$ cat data.cif   # mmCIF, N, CA and C atoms and all ligand atoms
data_coords
#
loop_
_atom_site.label_atom_id
_atom_site.label_comp_id
_atom_site.auth_asym_id
_atom_site.auth_seq_id
_atom_site.Cartn_x
_atom_site.Cartn_y
_atom_site.Cartn_z
N MET A 428 118.71 101.93 82.54
CA MET A 428 117.67 102.88 82.10
C MET A 428 116.44 102.12 81.64
N ARG A 429 115.31 102.34 82.34
CA ARG A 429 114.02 101.78 81.92
C ARG A 429 113.31 102.85 81.10
N GLU A 430 112.97 102.51 79.89
CA GLU A 430 112.40 103.50 78.96
C GLU A 430 111.08 104.07 79.49
N ASP A 431 110.35 103.27 80.29
CA ASP A 431 109.03 103.70 80.76
C ASP A 431 109.07 104.31 82.16
N CYS A 432 110.26 104.60 82.64
CA CYS A 432 110.39 105.10 84.03
C CYS A 432 110.71 106.60 84.04
N LEU A 433 109.83 107.34 84.72
CA LEU A 433 109.98 108.79 84.80
C LEU A 433 111.33 109.21 85.39
N PHE A 434 111.72 108.58 86.49
CA PHE A 434 112.96 109.01 87.14
C PHE A 434 114.19 108.57 86.35
N CYS A 435 114.14 107.43 85.66
CA CYS A 435 115.24 107.09 84.75
C CYS A 435 115.37 108.15 83.67
N LYS A 436 114.24 108.66 83.17
CA LYS A 436 114.29 109.71 82.14
C LYS A 436 114.91 110.98 82.69
N ILE A 437 114.59 111.34 83.93
CA ILE A 437 115.21 112.54 84.54
C ILE A 437 116.72 112.31 84.71
N ILE A 438 117.10 111.13 85.21
CA ILE A 438 118.52 110.83 85.43
C ILE A 438 119.30 110.91 84.12
N HIS A 439 118.66 110.52 83.02
CA HIS A 439 119.34 110.53 81.72
C HIS A 439 119.01 111.78 80.90
N ASN A 440 118.53 112.82 81.59
CA ASN A 440 118.30 114.14 80.96
C ASN A 440 117.31 114.10 79.80
N LYS A 441 116.39 113.16 79.83
CA LYS A 441 115.36 113.12 78.78
C LYS A 441 114.14 113.94 79.20
N ILE A 442 114.04 114.21 80.50
CA ILE A 442 113.01 115.09 81.05
C ILE A 442 113.75 116.06 81.97
N PRO A 443 113.43 117.37 81.87
CA PRO A 443 114.16 118.33 82.72
C PRO A 443 113.75 118.25 84.19
N ALA A 444 114.69 118.60 85.05
CA ALA A 444 114.42 118.70 86.49
C ALA A 444 115.45 119.65 87.07
N LYS A 445 115.10 120.25 88.21
CA LYS A 445 116.02 121.16 88.91
C LYS A 445 116.95 120.33 89.78
N LEU A 446 118.12 120.02 89.24
CA LEU A 446 119.10 119.21 89.97
C LEU A 446 119.69 120.00 91.13
N VAL A 447 119.80 119.37 92.30
CA VAL A 447 120.47 120.02 93.42
C VAL A 447 121.78 119.32 93.79
N TYR A 448 121.93 118.07 93.36
CA TYR A 448 123.14 117.32 93.72
C TYR A 448 123.21 116.08 92.83
N GLU A 449 124.42 115.66 92.50
CA GLU A 449 124.59 114.34 91.85
C GLU A 449 125.98 113.80 92.13
N ASP A 450 126.07 112.49 92.17
CA ASP A 450 127.37 111.82 92.26
C ASP A 450 127.26 110.50 91.51
N ASP A 451 128.21 109.60 91.73
CA ASP A 451 128.22 108.37 90.95
C ASP A 451 127.08 107.43 91.29
N GLN A 452 126.46 107.60 92.46
CA GLN A 452 125.39 106.68 92.89
C GLN A 452 123.99 107.26 92.85
N VAL A 453 123.87 108.56 93.08
CA VAL A 453 122.54 109.18 93.20
C VAL A 453 122.44 110.49 92.44
N VAL A 454 121.18 110.85 92.14
CA VAL A 454 120.85 112.17 91.59
C VAL A 454 119.77 112.74 92.50
N ALA A 455 119.84 114.04 92.78
CA ALA A 455 118.82 114.67 93.63
C ALA A 455 118.28 115.89 92.92
N PHE A 456 116.95 116.02 92.94
CA PHE A 456 116.32 117.15 92.23
C PHE A 456 115.07 117.58 93.00
N ASN A 457 114.60 118.79 92.70
CA ASN A 457 113.41 119.32 93.38
C ASN A 457 112.17 118.57 92.93
N ASP A 458 111.29 118.30 93.88
CA ASP A 458 110.00 117.69 93.56
C ASP A 458 109.18 118.69 92.75
N ILE A 459 108.45 118.17 91.75
CA ILE A 459 107.67 119.04 90.87
C ILE A 459 106.46 119.63 91.60
N SER A 460 106.05 119.00 92.66
CA SER A 460 104.86 119.44 93.41
C SER A 460 105.23 119.53 94.90
N PRO A 461 106.04 120.55 95.25
CA PRO A 461 106.64 120.57 96.59
C PRO A 461 105.61 120.67 97.70
N GLN A 462 105.82 119.87 98.74
CA GLN A 462 104.94 119.85 99.92
C GLN A 462 105.51 120.68 101.05
N ALA A 463 106.67 121.32 100.82
CA ALA A 463 107.33 122.15 101.83
C ALA A 463 108.31 123.05 101.07
N PRO A 464 108.81 124.14 101.71
CA PRO A 464 109.77 125.02 101.01
C PRO A 464 110.97 124.25 100.46
N VAL A 465 111.45 123.26 101.20
CA VAL A 465 112.47 122.34 100.66
C VAL A 465 111.79 120.98 100.44
N HIS A 466 111.79 120.52 99.21
CA HIS A 466 111.27 119.18 98.90
C HIS A 466 112.12 118.61 97.77
N VAL A 467 113.11 117.84 98.18
CA VAL A 467 114.09 117.27 97.25
C VAL A 467 113.91 115.75 97.23
N LEU A 468 114.07 115.16 96.06
CA LEU A 468 114.02 113.70 95.91
C LEU A 468 115.43 113.19 95.65
N ILE A 469 115.88 112.24 96.47
CA ILE A 469 117.20 111.63 96.29
C ILE A 469 116.95 110.26 95.66
N VAL A 470 117.51 110.07 94.45
CA VAL A 470 117.15 108.94 93.60
C VAL A 470 118.42 108.19 93.19
N PRO A 471 118.47 106.88 93.39
CA PRO A 471 119.65 106.14 92.92
C PRO A 471 119.70 106.10 91.39
N ARG A 472 120.89 106.12 90.83
CA ARG A 472 121.02 106.01 89.37
C ARG A 472 120.49 104.66 88.88
N GLU A 473 120.66 103.65 89.72
CA GLU A 473 120.18 102.31 89.36
C GLU A 473 118.65 102.26 89.49
N HIS A 474 117.99 101.64 88.52
CA HIS A 474 116.53 101.49 88.58
C HIS A 474 116.16 100.38 89.55
N ILE A 475 115.63 100.78 90.71
CA ILE A 475 115.15 99.84 91.73
C ILE A 475 113.70 100.23 91.99
N GLU A 476 112.76 99.31 91.83
CA GLU A 476 111.34 99.71 91.82
C GLU A 476 110.80 100.10 93.18
N THR A 477 111.04 99.28 94.18
CA THR A 477 110.50 99.59 95.51
C THR A 477 111.55 99.23 96.57
N ILE A 478 111.29 99.62 97.79
CA ILE A 478 112.19 99.26 98.89
C ILE A 478 112.30 97.74 98.99
N ASN A 479 111.23 97.03 98.61
CA ASN A 479 111.26 95.56 98.65
C ASN A 479 112.34 94.98 97.75
N ASP A 480 112.77 95.74 96.75
CA ASP A 480 113.79 95.28 95.81
C ASP A 480 115.18 95.79 96.18
N LEU A 481 115.28 96.51 97.30
CA LEU A 481 116.54 97.14 97.70
C LEU A 481 117.32 96.20 98.61
N GLY A 482 118.52 95.79 98.16
CA GLY A 482 119.34 94.91 98.98
C GLY A 482 120.69 95.49 99.32
N ASP A 483 120.99 96.65 98.72
CA ASP A 483 122.31 97.24 98.84
C ASP A 483 122.34 98.21 100.03
N ALA A 484 122.87 97.74 101.14
CA ALA A 484 122.90 98.57 102.35
C ALA A 484 123.77 99.80 102.16
N ASN A 485 124.81 99.66 101.35
CA ASN A 485 125.68 100.81 101.09
C ASN A 485 124.91 101.91 100.36
N LEU A 486 124.12 101.50 99.37
CA LEU A 486 123.32 102.48 98.63
C LEU A 486 122.27 103.12 99.54
N ALA A 487 121.59 102.31 100.35
CA ALA A 487 120.58 102.85 101.26
C ALA A 487 121.21 103.87 102.20
N GLY A 488 122.36 103.53 102.74
CA GLY A 488 123.06 104.46 103.62
C GLY A 488 123.50 105.71 102.90
N HIS A 489 123.95 105.53 101.67
CA HIS A 489 124.41 106.68 100.89
C HIS A 489 123.25 107.64 100.60
N MET A 490 122.06 107.10 100.37
CA MET A 490 120.89 107.96 100.14
C MET A 490 120.60 108.81 101.37
N VAL A 491 120.67 108.20 102.55
CA VAL A 491 120.41 108.95 103.79
C VAL A 491 121.49 110.01 104.02
N LEU A 492 122.76 109.63 103.83
CA LEU A 492 123.84 110.60 104.05
C LEU A 492 123.80 111.71 103.01
N THR A 493 123.32 111.40 101.80
CA THR A 493 123.15 112.44 100.79
C THR A 493 122.06 113.41 101.22
N ALA A 494 120.97 112.90 101.79
CA ALA A 494 119.91 113.78 102.30
C ALA A 494 120.47 114.70 103.38
N LYS A 495 121.28 114.15 104.28
CA LYS A 495 121.93 114.96 105.32
C LYS A 495 122.76 116.07 104.70
N LYS A 496 123.55 115.71 103.68
CA LYS A 496 124.42 116.69 103.01
C LYS A 496 123.60 117.79 102.35
N ILE A 497 122.53 117.41 101.67
CA ILE A 497 121.69 118.41 100.99
C ILE A 497 120.97 119.29 102.01
N GLY A 498 120.54 118.69 103.13
CA GLY A 498 119.93 119.48 104.19
C GLY A 498 120.89 120.55 104.68
N SER A 499 122.15 120.19 104.81
CA SER A 499 123.17 121.16 105.21
C SER A 499 123.38 122.22 104.13
N MET A 500 123.50 121.77 102.87
CA MET A 500 123.67 122.70 101.74
C MET A 500 122.55 123.73 101.69
N LEU A 501 121.33 123.30 102.01
CA LEU A 501 120.16 124.17 101.88
C LEU A 501 119.81 124.87 103.19
N GLY A 502 120.63 124.68 104.22
CA GLY A 502 120.51 125.45 105.45
C GLY A 502 119.39 125.02 106.38
N ILE A 503 118.98 123.76 106.32
CA ILE A 503 117.89 123.31 107.19
C ILE A 503 118.34 122.28 108.23
N SER A 504 119.65 122.09 108.37
CA SER A 504 120.14 121.09 109.32
C SER A 504 119.64 121.34 110.74
N GLN A 505 119.74 122.60 111.18
CA GLN A 505 119.39 122.91 112.57
C GLN A 505 117.89 123.06 112.75
N SER A 506 117.22 123.68 111.77
CA SER A 506 115.76 123.84 111.89
C SER A 506 115.08 122.49 111.79
N GLY A 507 115.64 121.58 110.99
CA GLY A 507 115.15 120.21 110.94
C GLY A 507 114.49 119.85 109.62
N TYR A 508 114.27 118.58 109.46
CA TYR A 508 113.70 118.07 108.21
C TYR A 508 113.16 116.67 108.44
N ARG A 509 112.50 116.15 107.43
CA ARG A 509 111.93 114.80 107.52
C ARG A 509 112.32 114.03 106.26
N LEU A 510 112.69 112.77 106.44
CA LEU A 510 112.99 111.87 105.32
C LEU A 510 111.88 110.84 105.22
N ILE A 511 111.38 110.65 104.01
CA ILE A 511 110.27 109.70 103.79
C ILE A 511 110.59 108.86 102.55
N MET A 512 110.36 107.56 102.66
CA MET A 512 110.44 106.70 101.48
C MET A 512 109.19 105.82 101.45
N ASN A 513 108.35 106.03 100.49
CA ASN A 513 107.07 105.32 100.39
C ASN A 513 107.25 104.02 99.63
N CYS A 514 106.48 103.00 100.04
CA CYS A 514 106.55 101.70 99.35
C CYS A 514 105.16 101.19 98.98
N ASN A 515 104.98 100.99 97.69
CA ASN A 515 103.75 100.39 97.14
C ASN A 515 102.49 101.18 97.52
N GLU A 516 101.35 100.56 97.27
CA GLU A 516 100.08 101.29 97.30
C GLU A 516 99.76 101.89 98.67
N ASP A 517 99.83 101.08 99.72
CA ASP A 517 99.47 101.60 101.04
C ASP A 517 100.44 102.66 101.53
N GLY A 518 101.67 102.61 101.06
CA GLY A 518 102.66 103.62 101.43
C GLY A 518 102.52 104.90 100.62
N GLY A 519 101.69 104.85 99.57
CA GLY A 519 101.48 106.05 98.75
C GLY A 519 102.51 106.23 97.65
N GLN A 520 103.22 105.16 97.30
CA GLN A 520 104.22 105.29 96.23
C GLN A 520 103.54 105.46 94.88
N THR A 521 103.96 106.46 94.13
CA THR A 521 103.38 106.71 92.80
C THR A 521 104.40 106.58 91.69
N VAL A 522 105.67 106.73 92.01
CA VAL A 522 106.73 106.55 91.00
C VAL A 522 107.56 105.34 91.44
N PHE A 523 107.61 104.34 90.56
CA PHE A 523 108.21 103.05 90.94
C PHE A 523 109.68 102.96 90.54
N HIS A 524 110.42 103.91 91.06
CA HIS A 524 111.88 103.97 91.05
C HIS A 524 112.18 104.63 92.39
N ILE A 525 112.80 103.89 93.32
CA ILE A 525 112.85 104.37 94.69
C ILE A 525 113.46 105.76 94.80
N HIS A 526 112.97 106.48 95.79
CA HIS A 526 113.40 107.85 96.03
C HIS A 526 113.16 108.19 97.48
N LEU A 527 114.07 108.97 98.03
CA LEU A 527 113.97 109.45 99.41
C LEU A 527 113.53 110.91 99.35
N HIS A 528 112.39 111.22 99.98
CA HIS A 528 111.92 112.60 100.06
C HIS A 528 112.67 113.31 101.20
N LEU A 529 113.21 114.47 100.92
CA LEU A 529 113.78 115.36 101.93
C LEU A 529 112.87 116.59 102.02
N LEU A 530 112.22 116.74 103.17
CA LEU A 530 111.24 117.81 103.36
C LEU A 530 111.66 118.69 104.51
N GLY A 531 111.59 120.00 104.32
CA GLY A 531 111.93 120.92 105.41
C GLY A 531 111.67 122.35 105.02
N GLY A 532 112.13 123.26 105.87
CA GLY A 532 111.93 124.68 105.62
C GLY A 532 110.66 125.22 106.24
N LYS A 533 109.90 124.35 106.89
CA LYS A 533 108.73 124.78 107.66
C LYS A 533 108.46 123.71 108.71
N ARG A 534 107.63 124.04 109.70
CA ARG A 534 107.23 123.04 110.69
C ARG A 534 106.26 122.08 110.01
N LEU A 535 106.64 120.83 109.92
CA LEU A 535 105.82 119.85 109.20
C LEU A 535 104.70 119.35 110.10
N GLY A 536 103.60 118.92 109.49
CA GLY A 536 102.46 118.41 110.23
C GLY A 536 102.75 117.08 110.85
N GLU A 537 101.79 116.59 111.63
CA GLU A 537 102.01 115.33 112.33
C GLU A 537 101.92 114.13 111.41
N LEU A 538 101.07 114.23 110.41
CA LEU A 538 100.99 113.13 109.46
C LEU A 538 102.26 113.05 108.65
N LEU A 539 102.66 111.83 108.30
CA LEU A 539 103.90 111.66 107.55
C LEU A 539 103.73 112.15 106.13
N LYS A 540 102.52 112.08 105.61
CA LYS A 540 102.30 112.59 104.24
C LYS A 540 100.86 113.00 104.06
P1 LIG B 1 105.93 109.01 95.74
O1 LIG B 1 104.46 109.38 95.83
O2 LIG B 1 106.17 107.91 94.73
O3 LIG B 1 106.58 108.77 97.06
O4 LIG B 1 106.65 110.31 95.22
C1 LIG B 1 106.70 110.68 93.89
C2 LIG B 1 107.05 112.14 93.85
O5 LIG B 1 107.48 112.45 92.54
C3 LIG B 1 105.85 113.05 94.16
O6 LIG B 1 106.14 113.86 95.28
C4 LIG B 1 105.68 113.86 92.87
O7 LIG B 1 105.33 115.21 93.11
C5 LIG B 1 107.05 113.75 92.21
N1 LIG B 1 107.02 113.84 90.77
C6 LIG B 1 106.12 113.24 89.92
N2 LIG B 1 106.41 113.53 88.64
C7 LIG B 1 107.52 114.34 88.68
C8 LIG B 1 108.29 114.96 87.65
O8 LIG B 1 108.03 114.86 86.45
N3 LIG B 1 109.35 115.71 88.06
C9 LIG B 1 109.67 115.87 89.38
N4 LIG B 1 110.72 116.64 89.66
N5 LIG B 1 108.98 115.27 90.37
C10 LIG B 1 107.91 114.52 90.02
ZN ZN B 2 113.85 104.06 86.81
#
$ encode --input "data.cif" --output "structure tokens"
Amino acid sequence: MREDCLFCKIIHNKIPAKLVYEDDQVVAFNDISPQAPVHVLIVPREHIETINDLGDANLAGHMVLTAKKIGSMLGISQSGYRLIMNCNEDGGQTVFHIHLHLLGGKRLGELLK
């Protein structure tokens, strides 16, 4: 738990969020500023700042499979969805605790973000 990290605070229930899924490795909750009818963030419990700091292939895979599971739970598997993980300034990362965006429920634009 990093005291100055927004997502660590959400994971430790110090800031409220609409949880959609959790297990021993990840927590998933609705984005506060949704860009689509479904906009869920899949966040590892471990504080990892950027993809550059991610070395655990099992965790990376688990985040993707969790997104698949939540897509199915929320009924967008067949209509489709997009997974995005931003890294640092040029990637548009604003919260420095890695997170996978799950976006769906509408036809998404051509730009990734
Ligand atoms: P990034 O730009 O780092 O890829 O994504 C950060 C995401 O976190 C943004 O989509 C933003 O709307 C979301 N976000 C920022 N602050 C909060 C918050 O306090 N609660 C929730 N649920 N999402 C947040
Ligand atoms: Zn954190």
$ residues_around --input "data.cif" --residues "region 431-441 of chain A" --least-positions-apart "2" --cutoff "7 Å" --atoms "all atoms listed in the file" --output "PyMOL selection string"
chain A and resi 428-429+443-444+454+472+474+523-524
$ residues_around --input "data.cif" --residues "Pro471 (chain A)" --least-positions-apart "4" --cutoff "7 Å" --atoms "all atoms listed in the file" --output "list of chain:residue names"
A:Gln452, A:Val453, A:Val454, A:Ile475, A:His524, A:Ile525, A:His526, A:Leu527
$ write_last_selection --input "data.cif" --atoms "N, CA and C atoms" --output "PDB file, in the frame of the given file"
ATOM      1  N   GLN A 452     126.460 107.600  92.460  1.00  0.00           N
ATOM      2  CA  GLN A 452     125.390 106.680  92.890  1.00  0.00           C
ATOM      3  C   GLN A 452     123.990 107.260  92.850  1.00  0.00           C
ATOM      4  N   VAL A 453     123.870 108.560  93.080  1.00  0.00           N
ATOM      5  CA  VAL A 453     122.540 109.180  93.200  1.00  0.00           C
ATOM      6  C   VAL A 453     122.440 110.490  92.440  1.00  0.00           C
ATOM      7  N   VAL A 454     121.180 110.850  92.140  1.00  0.00           N
ATOM      8  CA  VAL A 454     120.850 112.170  91.590  1.00  0.00           C
ATOM      9  C   VAL A 454     119.770 112.740  92.500  1.00  0.00           C
ATOM     10  N   ILE A 475     115.630 100.780  90.710  1.00  0.00           N
ATOM     11  CA  ILE A 475     115.150  99.840  91.730  1.00  0.00           C
ATOM     12  C   ILE A 475     113.700 100.230  91.990  1.00  0.00           C
ATOM     13  N   HIS A 524     110.420 103.910  91.060  1.00  0.00           N
ATOM     14  CA  HIS A 524     111.880 103.970  91.050  1.00  0.00           C
ATOM     15  C   HIS A 524     112.180 104.630  92.390  1.00  0.00           C
ATOM     16  N   ILE A 525     112.800 103.890  93.320  1.00  0.00           N
ATOM     17  CA  ILE A 525     112.850 104.370  94.690  1.00  0.00           C
ATOM     18  C   ILE A 525     113.460 105.760  94.800  1.00  0.00           C
ATOM     19  N   HIS A 526     112.970 106.480  95.790  1.00  0.00           N
ATOM     20  CA  HIS A 526     113.400 107.850  96.030  1.00  0.00           C
ATOM     21  C   HIS A 526     113.160 108.190  97.480  1.00  0.00           C
ATOM     22  N   LEU A 527     114.070 108.970  98.030  1.00  0.00           N
ATOM     23  CA  LEU A 527     113.970 109.450  99.410  1.00  0.00           C
ATOM     24  C   LEU A 527     113.530 110.910  99.350  1.00  0.00           C
TER      25      LEU A 527
END
$ axis_aligned_box --input "data.cif" --around "region 518-537 of chain A" --padding-each-side "5 Å" --output "AutoDock Vina command-line options"
--center_x 107.8 --center_y 113.9 --center_z 101.4 --size_x 22.6 --size_y 32.6 --size_z 31.8
$ closest_residue --input "data.cif" --among "A:Ile511, A:Ile497, A:Val522, A:Ile503" --to "ligand ZN 2 (chain B)" --atoms "all atoms listed in the file"
A:Val522
$ closest_atom_pairs --input "data.cif" --of "chain A" --to "ligand LIG 1 (chain B)" --cutoff "5 Å" --atoms "only N, CA and C atoms and all ligand atoms" --output "CSV"
residue,atom,partner,partner_atom,distance
A:Asn457,C,B:LIG1,N4,4.1
A:Asp458,C,B:LIG1,N4,4.0
A:Ile459,N,B:LIG1,N5,3.3
A:Ser460,N,B:LIG1,O7,3.9
A:Asn513,N,B:LIG1,O3,4.7
A:Gly519,C,B:LIG1,O1,4.1
A:Gln520,CA,B:LIG1,O2,3.6
A:Thr521,N,B:LIG1,O2,2.7
A:Val522,N,B:LIG1,O2,3.0
$ select_by_dssp --input "data.cif" --residues "region 435-527 of chain A" --states "helix (DSSP H, G or I)" --output "PyMOL selection string"
chain A and resi 435-438+478-480+484-500+515-518
$ atom_distance --input "data.cif" --atom1 "CA of Gln462 (chain A)" --atom2 "CA of Glu537 (chain A)"
13.5 Å
$ closest_residue --input "data.cif" --among "A:Glu476, A:Ser499, A:Cys514, A:Ala463" --to "ligand ZN 2 (chain B)" --atoms "only N, CA and C atoms and all ligand atoms"
A:Glu476
$ closest_residue --input "data.cif" --among "A:Asp450, A:Glu473, A:Phe456, A:Ile478" --to "Met512 (chain A)" --atoms "only N, CA and C atoms"
A:Ile478
$ atom_distance --input "data.cif" --atom1 "CA of Asn479 (chain A)" --atom2 "atom C of Leu530 (chain A)"
23.9 Å
$ closest_residue --input "data.cif" --among "A:Gly488, A:Gly518, A:Gly498, A:Pro464" --to "Lys533 (chain A)" --atoms "only N, CA and C atoms"
A:Pro464
$ select_by_dssp --input "data.cif" --residues "region 435-524 of chain A" --states "strand (DSSP E or B)" --output "list in words"
Leu446, Val447, Tyr448, Glu449, Val453, Val454, Ala455, Phe456, Asn457, Val465, His466, Val467, Leu468, Ile469, Val470, Pro471, Tyr508, Arg509, Leu510 and Ile511 of chain A
$ atom_distance --input "data.cif" --atom1 "CA of Lys496 (chain A)" --atom2 "CA of Thr477 (chain A)"
23.3 Å
$ residues_around --input "data.cif" --residues "Leu535 (chain A)" --least-positions-apart "4" --cutoff "12 Å" --atoms "only C-alpha atoms" --output "list of chain:residue names"
A:Gln462, A:Ala463, A:Pro464, A:Val465, A:His466, A:Ser506, A:Gly507, A:Tyr508, A:Arg509, A:Leu510, A:Leu529, A:Leu530, A:Gly531, A:Leu539, A:Lys540
$ closest_residue --input "data.cif" --among "A:Ala484, A:Ala455, A:Met490, A:Val470" --to "ligand ZN 2 (chain B)" --atoms "only C-alpha atoms and all ligand atoms"
A:Val470
$ closest_residue --input "data.cif" --among "A:Glu430, A:Val467, A:Ile442, A:Ser504" --to "ligand ZN 2 (chain B)" --atoms "only N, CA and C atoms and all ligand atoms"
A:Glu430
$ build_atoms --input "data.cif" --residues "region 451-459 of chain A" --atoms "all heavy atoms" --output "mmCIF file, keeping the file's coordinate frame"
data_model
loop_
_atom_site.group_PDB
_atom_site.id
_atom_site.type_symbol
_atom_site.label_atom_id
_atom_site.label_comp_id
_atom_site.auth_asym_id
_atom_site.auth_seq_id
_atom_site.Cartn_x
_atom_site.Cartn_y
_atom_site.Cartn_z
ATOM 1 N N ASP A 451 128.210 109.600 91.730
ATOM 2 C CA ASP A 451 128.220 108.370 90.950
ATOM 3 C C ASP A 451 127.080 107.430 91.290
ATOM 4 O O ASP A 451 126.717 106.557 90.504
ATOM 5 C CB ASP A 451 129.569 107.645 91.096
ATOM 6 C CG ASP A 451 129.874 107.274 92.541
ATOM 7 O OD1 ASP A 451 129.422 107.987 93.460
ATOM 8 O OD2 ASP A 451 130.543 106.256 92.750
ATOM 9 N N GLN A 452 126.460 107.600 92.460
ATOM 10 C CA GLN A 452 125.390 106.680 92.890
ATOM 11 C C GLN A 452 123.990 107.260 92.850
ATOM 12 O O GLN A 452 123.021 106.529 92.675
ATOM 13 C CB GLN A 452 125.665 106.207 94.334
ATOM 14 C CG GLN A 452 126.862 105.307 94.484
ATOM 15 C CD GLN A 452 126.952 104.791 95.914
ATOM 16 O OE1 GLN A 452 126.298 103.829 96.288
ATOM 17 N NE2 GLN A 452 127.750 105.455 96.711
ATOM 18 N N VAL A 453 123.870 108.560 93.080
ATOM 19 C CA VAL A 453 122.540 109.180 93.200
ATOM 20 C C VAL A 453 122.440 110.490 92.440
ATOM 21 O O VAL A 453 123.452 111.151 92.152
ATOM 22 C CB VAL A 453 122.158 109.446 94.688
ATOM 23 C CG1 VAL A 453 122.100 108.153 95.479
ATOM 24 C CG2 VAL A 453 123.106 110.445 95.322
ATOM 25 N N VAL A 454 121.180 110.850 92.140
ATOM 26 C CA VAL A 454 120.850 112.170 91.590
ATOM 27 C C VAL A 454 119.770 112.740 92.500
ATOM 28 O O VAL A 454 118.888 111.992 92.953
ATOM 29 C CB VAL A 454 120.327 112.031 90.133
ATOM 30 C CG1 VAL A 454 119.845 113.369 89.603
ATOM 31 C CG2 VAL A 454 121.417 111.458 89.223
ATOM 32 N N ALA A 455 119.840 114.040 92.780
ATOM 33 C CA ALA A 455 118.820 114.670 93.630
ATOM 34 C C ALA A 455 118.280 115.890 92.920
ATOM 35 O O ALA A 455 119.040 116.690 92.349
ATOM 36 C CB ALA A 455 119.428 115.053 94.983
ATOM 37 N N PHE A 456 116.950 116.020 92.940
ATOM 38 C CA PHE A 456 116.320 117.150 92.230
ATOM 39 C C PHE A 456 115.070 117.580 93.000
ATOM 40 O O PHE A 456 114.529 116.817 93.821
ATOM 41 C CB PHE A 456 115.985 116.762 90.785
ATOM 42 C CG PHE A 456 115.283 115.442 90.630
ATOM 43 C CD1 PHE A 456 113.908 115.342 90.741
ATOM 44 C CD2 PHE A 456 116.018 114.281 90.372
ATOM 45 C CE1 PHE A 456 113.264 114.121 90.592
ATOM 46 C CE2 PHE A 456 115.378 113.045 90.232
ATOM 47 C CZ PHE A 456 113.996 112.963 90.337
ATOM 48 N N ASN A 457 114.600 118.790 92.700
ATOM 49 C CA ASN A 457 113.410 119.320 93.380
ATOM 50 C C ASN A 457 112.170 118.570 92.930
ATOM 51 O O ASN A 457 112.005 118.276 91.732
ATOM 52 C CB ASN A 457 113.240 120.806 93.064
ATOM 53 C CG ASN A 457 114.223 121.680 93.809
ATOM 54 O OD1 ASN A 457 114.677 121.320 94.893
ATOM 55 N ND2 ASN A 457 114.558 122.815 93.223
ATOM 56 N N ASP A 458 111.290 118.300 93.880
ATOM 57 C CA ASP A 458 110.000 117.690 93.560
ATOM 58 C C ASP A 458 109.180 118.690 92.750
ATOM 59 O O ASP A 458 109.181 119.877 93.013
ATOM 60 C CB ASP A 458 109.259 117.314 94.854
ATOM 61 C CG ASP A 458 108.127 116.344 94.606
ATOM 62 O OD1 ASP A 458 107.102 116.760 94.006
ATOM 63 O OD2 ASP A 458 108.252 115.170 95.010
ATOM 64 N N ILE A 459 108.450 118.170 91.750
ATOM 65 C CA ILE A 459 107.670 119.040 90.870
ATOM 66 C C ILE A 459 106.460 119.630 91.600
ATOM 67 O O ILE A 459 105.919 120.662 91.175
ATOM 68 C CB ILE A 459 107.232 118.256 89.601
ATOM 69 C CG1 ILE A 459 106.927 119.192 88.447
ATOM 70 C CG2 ILE A 459 106.052 117.341 89.900
ATOM 71 C CD1 ILE A 459 106.770 118.493 87.106
#
